[in-house]
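Q: One file is attached below, work-v3.cif, containing mmCIF, C-alpha atoms; chains and numbers go by the auth columns.
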data_run
#
loop_
_atom_site.group_PDB
_atom_site.id
_atom_site.type_symbol
_atom_site.label_atom_id
_atom_site.label_comp_id
_atom_site.label_asym_id
_atom_site.label_seq_id
_atom_site.Cartn_x
_atom_site.Cartn_y
_atom_site.Cartn_z
_atom_site.B_iso_or_equiv
_atom_site.auth_seq_id
_atom_site.auth_asym_id
ATOM 1 C CA MET A 1 -5.642 -52.571 -18.670 0.00 4 A
ATOM 2 C CA PRO A 2 -7.813 -50.034 -16.806 0.00 5 A
ATOM 3 C CA GLU A 3 -6.271 -46.633 -16.248 0.00 6 A
ATOM 4 C CA THR A 4 -4.915 -46.139 -12.733 0.00 7 A
ATOM 5 C CA ILE A 5 -6.821 -43.536 -10.740 0.00 8 A
ATOM 6 C CA ALA A 6 -4.602 -40.650 -9.678 0.00 9 A
ATOM 7 C CA SER A 7 -4.003 -40.081 -5.982 0.00 10 A
ATOM 8 C CA LYS A 8 -5.250 -36.742 -4.658 0.00 11 A
ATOM 9 C CA ALA A 9 -3.119 -34.144 -2.915 0.00 12 A
ATOM 10 C CA ASP A 10 -4.701 -31.207 -1.078 0.00 13 A
ATOM 11 C CA PHE A 11 -2.864 -27.894 -1.207 0.00 14 A
ATOM 12 C CA TRP A 12 -3.603 -24.893 1.055 0.00 15 A
ATOM 13 C CA PHE A 13 -2.152 -21.534 0.020 0.00 16 A
ATOM 14 C CA ASP A 14 -2.228 -17.812 0.620 0.00 17 A
ATOM 15 C CA PRO A 15 -1.749 -16.042 -2.726 0.00 18 A
ATOM 16 C CA ILE A 16 0.565 -13.388 -1.289 0.00 19 A
ATOM 17 C CA CYS A 17 3.157 -15.932 -0.051 0.00 20 A
ATOM 18 C CA PRO A 18 6.131 -16.287 -2.420 0.00 21 A
ATOM 19 C CA PHE A 19 7.117 -19.659 -0.979 0.00 22 A
ATOM 20 C CA ALA A 20 3.621 -21.061 -1.428 0.00 23 A
ATOM 21 C CA TRP A 21 3.783 -19.820 -5.024 0.00 24 A
ATOM 22 C CA ILE A 22 7.002 -21.727 -5.719 0.00 25 A
ATOM 23 C CA THR A 23 5.669 -24.860 -4.007 0.00 26 A
ATOM 24 C CA SER A 24 2.463 -24.638 -6.031 0.00 27 A
ATOM 25 C CA ARG A 25 4.445 -24.437 -9.282 0.00 28 A
ATOM 26 C CA TRP A 26 6.439 -27.466 -8.099 0.00 29 A
ATOM 27 C CA ILE A 27 3.221 -29.414 -7.493 0.00 30 A
ATOM 28 C CA GLY A 28 2.226 -28.631 -11.073 0.00 31 A
ATOM 29 C CA GLU A 29 5.510 -30.156 -12.225 0.00 32 A
ATOM 30 C CA VAL A 30 4.920 -33.191 -9.993 0.00 33 A
ATOM 31 C CA GLU A 31 1.530 -33.766 -11.630 0.00 34 A
ATOM 32 C CA GLU A 32 3.349 -34.214 -14.942 0.00 35 A
ATOM 33 C CA VAL A 33 5.656 -36.991 -13.686 0.00 36 A
ATOM 34 C CA ARG A 34 3.716 -38.662 -10.862 0.00 37 A
ATOM 35 C CA ASN A 35 0.167 -39.999 -10.806 0.00 38 A
ATOM 36 C CA ILE A 36 -1.351 -37.285 -8.606 0.00 39 A
ATOM 37 C CA THR A 37 -3.971 -34.598 -8.958 0.00 40 A
ATOM 38 C CA THR A 38 -4.272 -31.577 -6.684 0.00 41 A
ATOM 39 C CA GLU A 39 -7.281 -30.019 -4.987 0.00 42 A
ATOM 40 C CA TRP A 40 -6.746 -26.377 -4.051 0.00 43 A
ATOM 41 C CA HIS A 41 -7.808 -24.635 -0.834 0.00 44 A
ATOM 42 C CA VAL A 42 -7.304 -21.229 0.741 0.00 45 A
ATOM 43 C CA MET A 43 -5.505 -20.614 4.000 0.00 46 A
ATOM 44 C CA SER A 44 -4.765 -17.164 5.366 0.00 47 A
ATOM 45 C CA LEU A 45 -1.652 -15.519 6.736 0.00 48 A
ATOM 46 C CA ALA A 46 -3.962 -12.818 8.107 0.00 49 A
ATOM 47 C CA VAL A 47 -5.912 -15.384 10.128 0.00 50 A
ATOM 48 C CA LEU A 48 -2.734 -17.197 11.159 0.00 51 A
ATOM 49 C CA ASN A 49 -1.152 -14.009 12.528 0.00 52 A
ATOM 50 C CA GLU A 50 -4.162 -12.638 14.384 0.00 53 A
ATOM 51 C CA GLY A 51 -3.118 -11.492 17.858 0.00 54 A
ATOM 52 C CA ARG A 52 0.590 -11.955 17.181 0.00 55 A
ATOM 53 C CA ASP A 53 3.183 -9.270 17.872 0.00 56 A
ATOM 54 C CA LEU A 54 4.606 -8.464 14.438 0.00 57 A
ATOM 55 C CA ASP A 55 7.016 -5.788 13.288 0.00 58 A
ATOM 56 C CA ALA A 56 5.362 -2.808 11.616 0.00 59 A
ATOM 57 C CA GLY A 57 6.338 -3.711 8.070 0.00 60 A
ATOM 58 C CA TYR A 58 5.061 -7.271 8.255 0.00 61 A
ATOM 59 C CA ARG A 59 1.921 -6.167 10.084 0.00 62 A
ATOM 60 C CA GLU A 60 1.125 -3.807 7.189 0.00 63 A
ATOM 61 C CA LEU A 61 1.537 -6.671 4.707 0.00 64 A
ATOM 62 C CA ILE A 62 -0.598 -9.033 6.785 0.00 65 A
ATOM 63 C CA ASP A 63 -3.356 -6.454 7.131 0.00 66 A
ATOM 64 C CA LYS A 64 -3.465 -6.171 3.324 0.00 67 A
ATOM 65 C CA ALA A 65 -3.469 -9.959 2.974 0.00 68 A
ATOM 66 C CA TRP A 66 -7.179 -10.208 3.842 0.00 69 A
ATOM 67 C CA GLY A 67 -8.247 -8.951 0.419 0.00 70 A
ATOM 68 C CA PRO A 68 -7.015 -11.641 -1.992 0.00 71 A
ATOM 69 C CA VAL A 69 -8.076 -14.620 0.139 0.00 72 A
ATOM 70 C CA ARG A 70 -11.486 -13.131 0.822 0.00 73 A
ATOM 71 C CA VAL A 71 -12.043 -12.677 -2.915 0.00 74 A
ATOM 72 C CA ILE A 72 -10.999 -16.247 -3.742 0.00 75 A
ATOM 73 C CA ILE A 73 -13.321 -17.630 -1.056 0.00 76 A
ATOM 74 C CA ALA A 74 -16.204 -15.460 -2.260 0.00 77 A
ATOM 75 C CA ALA A 75 -15.592 -16.527 -5.857 0.00 78 A
ATOM 76 C CA SER A 76 -15.531 -20.200 -4.911 0.00 79 A
ATOM 77 C CA LYS A 77 -18.746 -19.944 -2.916 0.00 80 A
ATOM 78 C CA GLN A 78 -20.569 -18.109 -5.697 0.00 81 A
ATOM 79 C CA HIS A 79 -19.072 -19.801 -8.769 0.00 82 A
ATOM 80 C CA GLY A 80 -17.741 -23.164 -7.595 0.00 83 A
ATOM 81 C CA ALA A 81 -14.491 -24.584 -6.265 0.00 84 A
ATOM 82 C CA GLN A 82 -13.173 -24.988 -9.807 0.00 85 A
ATOM 83 C CA VAL A 83 -12.366 -21.245 -9.914 0.00 86 A
ATOM 84 C CA ILE A 84 -9.909 -21.429 -6.987 0.00 87 A
ATOM 85 C CA LYS A 85 -6.883 -22.609 -8.957 0.00 88 A
ATOM 86 C CA PRO A 86 -7.305 -20.305 -11.996 0.00 89 A
ATOM 87 C CA LEU A 87 -7.842 -17.320 -9.710 0.00 90 A
ATOM 88 C CA TYR A 88 -4.776 -18.249 -7.663 0.00 91 A
ATOM 89 C CA ASP A 89 -2.738 -18.641 -10.847 0.00 92 A
ATOM 90 C CA ALA A 90 -3.848 -15.218 -12.057 0.00 93 A
ATOM 91 C CA MET A 91 -3.180 -13.483 -8.738 0.00 94 A
ATOM 92 C CA GLY A 92 0.127 -15.257 -8.179 0.00 95 A
ATOM 93 C CA SER A 93 1.392 -14.418 -11.650 0.00 96 A
ATOM 94 C CA LEU A 94 0.702 -10.744 -11.033 0.00 97 A
ATOM 95 C CA ILE A 95 2.089 -10.622 -7.489 0.00 98 A
ATOM 96 C CA HIS A 96 5.146 -12.856 -7.815 0.00 99 A
ATOM 97 C CA ASP A 97 6.068 -13.054 -11.484 0.00 100 A
ATOM 98 C CA GLY A 98 4.933 -9.500 -12.227 0.00 101 A
ATOM 99 C CA GLY A 99 5.964 -7.837 -8.956 0.00 102 A
ATOM 100 C CA GLU A 100 2.598 -6.087 -8.520 0.00 103 A
ATOM 101 C CA LYS A 101 2.195 -4.855 -4.948 0.00 104 A
ATOM 102 C CA ASP A 102 -1.184 -3.138 -5.308 0.00 105 A
ATOM 103 C CA TYR A 103 -3.518 -5.942 -4.245 0.00 106 A
ATOM 104 C CA GLY A 104 -6.583 -4.026 -5.349 0.00 107 A
ATOM 105 C CA LEU A 105 -5.181 -3.949 -8.869 0.00 108 A
ATOM 106 C CA VAL A 106 -4.180 -7.607 -8.596 0.00 109 A
ATOM 107 C CA ILE A 107 -7.718 -8.585 -7.621 0.00 110 A
ATOM 108 C CA ALA A 108 -9.332 -6.572 -10.424 0.00 111 A
ATOM 109 C CA LYS A 109 -6.982 -7.910 -13.103 0.00 112 A
ATOM 110 C CA ALA A 110 -7.185 -11.493 -11.863 0.00 113 A
ATOM 111 C CA LEU A 111 -10.983 -11.478 -11.860 0.00 114 A
ATOM 112 C CA ALA A 112 -10.957 -10.129 -15.418 0.00 115 A
ATOM 113 C CA ASP A 113 -8.375 -12.694 -16.539 0.00 116 A
ATOM 114 C CA VAL A 114 -10.469 -15.562 -15.183 0.00 117 A
ATOM 115 C CA GLY A 115 -13.723 -14.135 -16.516 0.00 118 A
ATOM 116 C CA LEU A 116 -15.352 -13.589 -13.141 0.00 119 A
ATOM 117 C CA PRO A 117 -17.581 -10.623 -12.222 0.00 120 A
ATOM 118 C CA ALA A 118 -15.699 -7.476 -11.262 0.00 121 A
ATOM 119 C CA ALA A 119 -18.122 -7.016 -8.352 0.00 122 A
ATOM 120 C CA LEU A 120 -16.380 -9.876 -6.529 0.00 123 A
ATOM 121 C CA ALA A 121 -13.646 -7.369 -5.701 0.00 124 A
ATOM 122 C CA ASP A 122 -16.005 -5.913 -3.090 0.00 125 A
ATOM 123 C CA ALA A 123 -15.415 -9.041 -0.992 0.00 126 A
ATOM 124 C CA ALA A 124 -11.854 -7.852 -0.285 0.00 127 A
ATOM 125 C CA SER A 125 -13.105 -5.283 2.213 0.00 128 A
ATOM 126 C CA SER A 126 -16.043 -7.312 3.553 0.00 129 A
ATOM 127 C CA ASP A 127 -16.224 -9.940 6.286 0.00 130 A
ATOM 128 C CA ASP A 128 -19.244 -11.620 4.691 0.00 131 A
ATOM 129 C CA PHE A 129 -17.247 -14.749 3.812 0.00 132 A
ATOM 130 C CA ASP A 130 -14.848 -14.758 6.750 0.00 133 A
ATOM 131 C CA SER A 131 -16.490 -17.748 8.422 0.00 134 A
ATOM 132 C CA GLN A 132 -15.879 -19.814 5.277 0.00 135 A
ATOM 133 C CA LEU A 133 -12.344 -18.430 5.015 0.00 136 A
ATOM 134 C CA ARG A 134 -11.599 -19.385 8.605 0.00 137 A
ATOM 135 C CA ALA A 135 -13.057 -22.855 8.074 0.00 138 A
ATOM 136 C CA SER A 136 -10.874 -23.446 5.010 0.00 139 A
ATOM 137 C CA HIS A 137 -7.818 -22.167 6.873 0.00 140 A
ATOM 138 C CA GLU A 138 -8.543 -24.355 9.893 0.00 141 A
ATOM 139 C CA ALA A 139 -8.987 -27.451 7.733 0.00 142 A
ATOM 140 C CA GLY A 140 -5.411 -27.066 6.552 0.00 143 A
ATOM 141 C CA ILE A 141 -3.604 -25.696 9.587 0.00 144 A
ATOM 142 C CA SER A 142 -5.184 -28.259 11.921 0.00 145 A
ATOM 143 C CA LEU A 143 -3.298 -30.979 10.043 0.00 146 A
ATOM 144 C CA VAL A 144 0.132 -29.528 10.853 0.00 147 A
ATOM 145 C CA GLY A 145 -0.195 -27.227 13.889 0.00 148 A
ATOM 146 C CA GLN A 146 -0.185 -23.490 14.468 0.00 149 A
ATOM 147 C CA ASP A 147 3.579 -22.888 14.440 0.00 150 A
ATOM 148 C CA VAL A 148 3.989 -23.129 10.661 0.00 151 A
ATOM 149 C CA GLY A 149 2.822 -21.071 7.693 0.00 152 A
ATOM 150 C CA THR A 150 1.754 -21.543 4.095 0.00 153 A
ATOM 151 C CA PRO A 151 1.623 -23.771 2.121 0.00 154 A
ATOM 152 C CA VAL A 152 0.218 -26.928 3.680 0.00 155 A
ATOM 153 C CA VAL A 153 0.062 -30.128 1.642 0.00 156 A
ATOM 154 C CA ALA A 154 -1.900 -33.254 2.582 0.00 157 A
ATOM 155 C CA PHE A 155 -1.425 -36.568 0.802 0.00 158 A
ATOM 156 C CA ASN A 156 -2.134 -40.237 1.531 0.00 159 A
ATOM 157 C CA GLY A 157 -3.035 -39.673 5.171 0.00 160 A
ATOM 158 C CA THR A 158 -0.100 -37.405 5.983 0.00 161 A
ATOM 159 C CA ALA A 159 0.346 -33.630 5.863 0.00 162 A
ATOM 160 C CA PHE A 160 3.229 -31.196 6.001 0.00 163 A
ATOM 161 C CA PHE A 161 4.114 -27.519 5.820 0.00 164 A
ATOM 162 C CA GLY A 162 6.147 -26.641 2.751 0.00 165 A
ATOM 163 C CA PRO A 163 8.527 -27.705 1.471 0.00 166 A
ATOM 164 C CA VAL A 164 10.048 -24.227 1.485 0.00 167 A
ATOM 165 C CA LEU A 165 11.876 -23.822 -1.819 0.00 168 A
ATOM 166 C CA THR A 166 13.581 -20.853 -3.470 0.00 169 A
ATOM 167 C CA ARG A 167 13.556 -22.352 -6.981 0.00 170 A
ATOM 168 C CA ILE A 168 10.979 -24.417 -8.874 0.00 171 A
ATOM 169 C CA PRO A 169 12.124 -28.013 -9.456 0.00 172 A
ATOM 170 C CA ARG A 170 11.269 -29.226 -12.953 0.00 173 A
ATOM 171 C CA GLY A 171 10.587 -32.588 -14.553 0.00 174 A
ATOM 172 C CA GLU A 172 11.873 -35.719 -12.873 0.00 175 A
ATOM 173 C CA GLU A 173 13.749 -33.627 -10.300 0.00 176 A
ATOM 174 C CA ALA A 174 10.332 -32.404 -9.123 0.00 177 A
ATOM 175 C CA GLY A 175 9.146 -35.996 -8.921 0.00 178 A
ATOM 176 C CA ARG A 176 12.130 -37.150 -6.889 0.00 179 A
ATOM 177 C CA LEU A 177 11.657 -34.289 -4.445 0.00 180 A
ATOM 178 C CA TRP A 178 7.988 -35.249 -4.124 0.00 181 A
ATOM 179 C CA ASP A 179 8.902 -38.861 -3.410 0.00 182 A
ATOM 180 C CA ALA A 180 11.403 -37.819 -0.743 0.00 183 A
ATOM 181 C CA THR A 181 9.037 -35.330 0.884 0.00 184 A
ATOM 182 C CA VAL A 182 6.152 -37.789 1.092 0.00 185 A
ATOM 183 C CA THR A 183 8.470 -40.500 2.432 0.00 186 A
ATOM 184 C CA LEU A 184 9.728 -38.260 5.231 0.00 187 A
ATOM 185 C CA ALA A 185 6.287 -36.884 6.070 0.00 188 A
ATOM 186 C CA SER A 186 4.718 -40.342 6.191 0.00 189 A
ATOM 187 C CA PHE A 187 7.044 -41.493 8.986 0.00 190 A
ATOM 188 C CA PRO A 188 4.910 -40.815 12.089 0.00 191 A
ATOM 189 C CA HIS A 189 7.844 -39.734 14.264 0.00 192 A
ATOM 190 C CA PHE A 190 9.373 -37.283 11.781 0.00 193 A
ATOM 191 C CA PHE A 191 8.729 -33.608 12.563 0.00 194 A
ATOM 192 C CA GLU A 192 11.327 -31.208 11.233 0.00 195 A
ATOM 193 C CA LEU A 193 14.216 -30.828 8.810 0.00 196 A
ATOM 194 C CA LYS A 194 15.456 -27.254 8.481 0.00 197 A
ATOM 195 C CA ARG A 195 18.382 -25.015 7.578 0.00 198 A
ATOM 196 C CA SER A 196 18.814 -21.243 7.373 0.00 199 A
ATOM 197 C CA ARG A 197 17.718 -19.674 4.103 0.00 200 A
ATOM 198 C CA THR A 198 20.562 -17.887 2.287 0.00 201 A
ATOM 199 C CA GLU A 199 18.777 -16.702 -0.863 0.00 202 A
ATOM 200 C CA ARG A 200 15.542 -15.100 -1.967 0.00 203 A
ATOM 201 C CA PRO A 201 12.935 -16.968 -4.015 0.00 204 A
ATOM 202 C CA GLU A 202 13.084 -16.797 -7.811 0.00 205 A
ATOM 203 C CA PHE A 203 10.075 -17.739 -9.871 0.00 206 A
ATOM 204 C CA ASP A 204 11.365 -18.588 -13.344 0.00 207 A
#
For the structure just supplied, provide its representation as structure tokens.
A:
Amino acid sequence: MPETIASKADFWFDPICPFAWITSRWIGEVEEVRNITTEWHVMSLAVLNEGRDLDAGYRELIDKAWGPVRVIIAASKQHGAQVIKPLYDAMGSLIHDGGEKDYGLVIAKALADVGLPAALADAASSDDFDSQLRASHEAGISLVGQDVGTPVVAFNGTAFFGPVLTRIPRGEEAGRLWDATVTLASFPHFFELKRSRTERPEFD
């Protein structure tokens, strides 16, 4: 029998977001137990929060958030879309698993880990690729609306923000959560299911 072609999911992320990181690790687990592949795209918390009144601490974080996404976009434009996921994995491992808060160091180490030119780090402080960054962000956020964040997942004609998780589901548990999420999101009159978060994300 011919091999079944995997269905494609599209995943938009900002590398500084801990919840996007957990959801991205979940998607990796889903790929092991469901017939899907994932295409990776950048969205930007910096773009999303432009013009918004934020508290000082979050504003400082958002202002620093331009660097990593700009570098990923520049790398993808100069070296191909296939570098997006490895660069995200490298940055996310440093930021979330390693607790590194110096994004300049994160960018330099991630570029070295992936084997990309160190000069790409210059894109962090340049707006040369901002039009492409904004276009990638808009492609994702336009599917779900402006009142959400990262990540955004699109699959089989539907799209959703999240799910927001504080632990990484593994194995068949990841698959069951995927099935439930896609089922809910595919109902055209479903919009929100939410409860207050009572714990911080953990990445192991």
Q: For this structure, which residues satisfy the selection - the PyMOL selection byres ((chain A and resi 40) around 8) - when it is evaluated on the file as given? I want them as a list in words.
A: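 The output of the PyMOL selection byres ((chain A and resi 40) around 8) on this file is Ala9, Ser10, Lys11, Ala12, Glu34, Asn38, Ile39, Thr41 and Glu42 of chain A.
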Q: Here's the selection I'm unsure about, the PyMOL selection byres ((chain A and resi 122) around 12); applied to the file above, which residues does it give, as JSON, numbers by chain?
A: {"A": [74, 77, 78, 81, 110, 111, 114, 115, 118, 119, 120, 121, 123, 124, 125, 126, 127, 128]}
Q: With only C-alpha atoms as the basis for distance, which of A:His192, A:Lys197, A:Lys80, A:His44 is at the shortest distance from Phe132 of chain A?
A: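 Nearest to Phe132 of chain A: A:Lys80.
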Q: For a quick check of your reading of the model, name the residues lying within 10 Å of the coordinate (-1.7, -16.4, -8.7), counting only C-alpha atoms, and write them as an mmCIF file with C-alpha atoms, in the frame of the given file.
A:
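And here's result_5.cif as it stands now:
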data_model
loop_
_atom_site.group_PDB
_atom_site.id
_atom_site.type_symbol
_atom_site.label_atom_id
_atom_site.label_comp_id
_atom_site.auth_asym_id
_atom_site.auth_seq_id
_atom_site.Cartn_x
_atom_site.Cartn_y
_atom_site.Cartn_z
ATOM 1 C CA ASP A 17 -2.228 -17.812 0.620
ATOM 2 C CA PRO A 18 -1.749 -16.042 -2.726
ATOM 3 C CA ILE A 19 0.565 -13.388 -1.289
ATOM 4 C CA CYS A 20 3.157 -15.932 -0.051
ATOM 5 C CA TRP A 24 3.783 -19.820 -5.024
ATOM 6 C CA SER A 27 2.463 -24.638 -6.031
ATOM 7 C CA PRO A 71 -7.015 -11.641 -1.992
ATOM 8 C CA ILE A 87 -9.909 -21.429 -6.987
ATOM 9 C CA LYS A 88 -6.883 -22.609 -8.957
ATOM 10 C CA PRO A 89 -7.305 -20.305 -11.996
ATOM 11 C CA LEU A 90 -7.842 -17.320 -9.710
ATOM 12 C CA TYR A 91 -4.776 -18.249 -7.663
ATOM 13 C CA ASP A 92 -2.738 -18.641 -10.847
ATOM 14 C CA ALA A 93 -3.848 -15.218 -12.057
ATOM 15 C CA MET A 94 -3.180 -13.483 -8.738
ATOM 16 C CA GLY A 95 0.127 -15.257 -8.179
ATOM 17 C CA SER A 96 1.392 -14.418 -11.650
ATOM 18 C CA LEU A 97 0.702 -10.744 -11.033
ATOM 19 C CA ILE A 98 2.089 -10.622 -7.489
ATOM 20 C CA HIS A 99 5.146 -12.856 -7.815
ATOM 21 C CA ASP A 100 6.068 -13.054 -11.484
ATOM 22 C CA VAL A 109 -4.180 -7.607 -8.596
ATOM 23 C CA ILE A 110 -7.718 -8.585 -7.621
ATOM 24 C CA ALA A 113 -7.185 -11.493 -11.863
#
Q: Applying the PyMOL selection byres ((chain A and resi 164-171) around 10) to the file I just gave you, which residues come out? Please list them as a PyMOL selection string.
A: chain A and resi 14-15+21-32+143-144+146-148+150-157+162-163+172-174+176-177+180-181+184+188+195-197+200-207
Q: For atom CA of Leu64 of chain A and atom CA of Tyr106 of chain A, quote the distance in Å rounded to one decimal.
A: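 About the pair atom CA of Leu64 of chain A and atom CA of Tyr106 of chain A: they are 10.3 Å apart.
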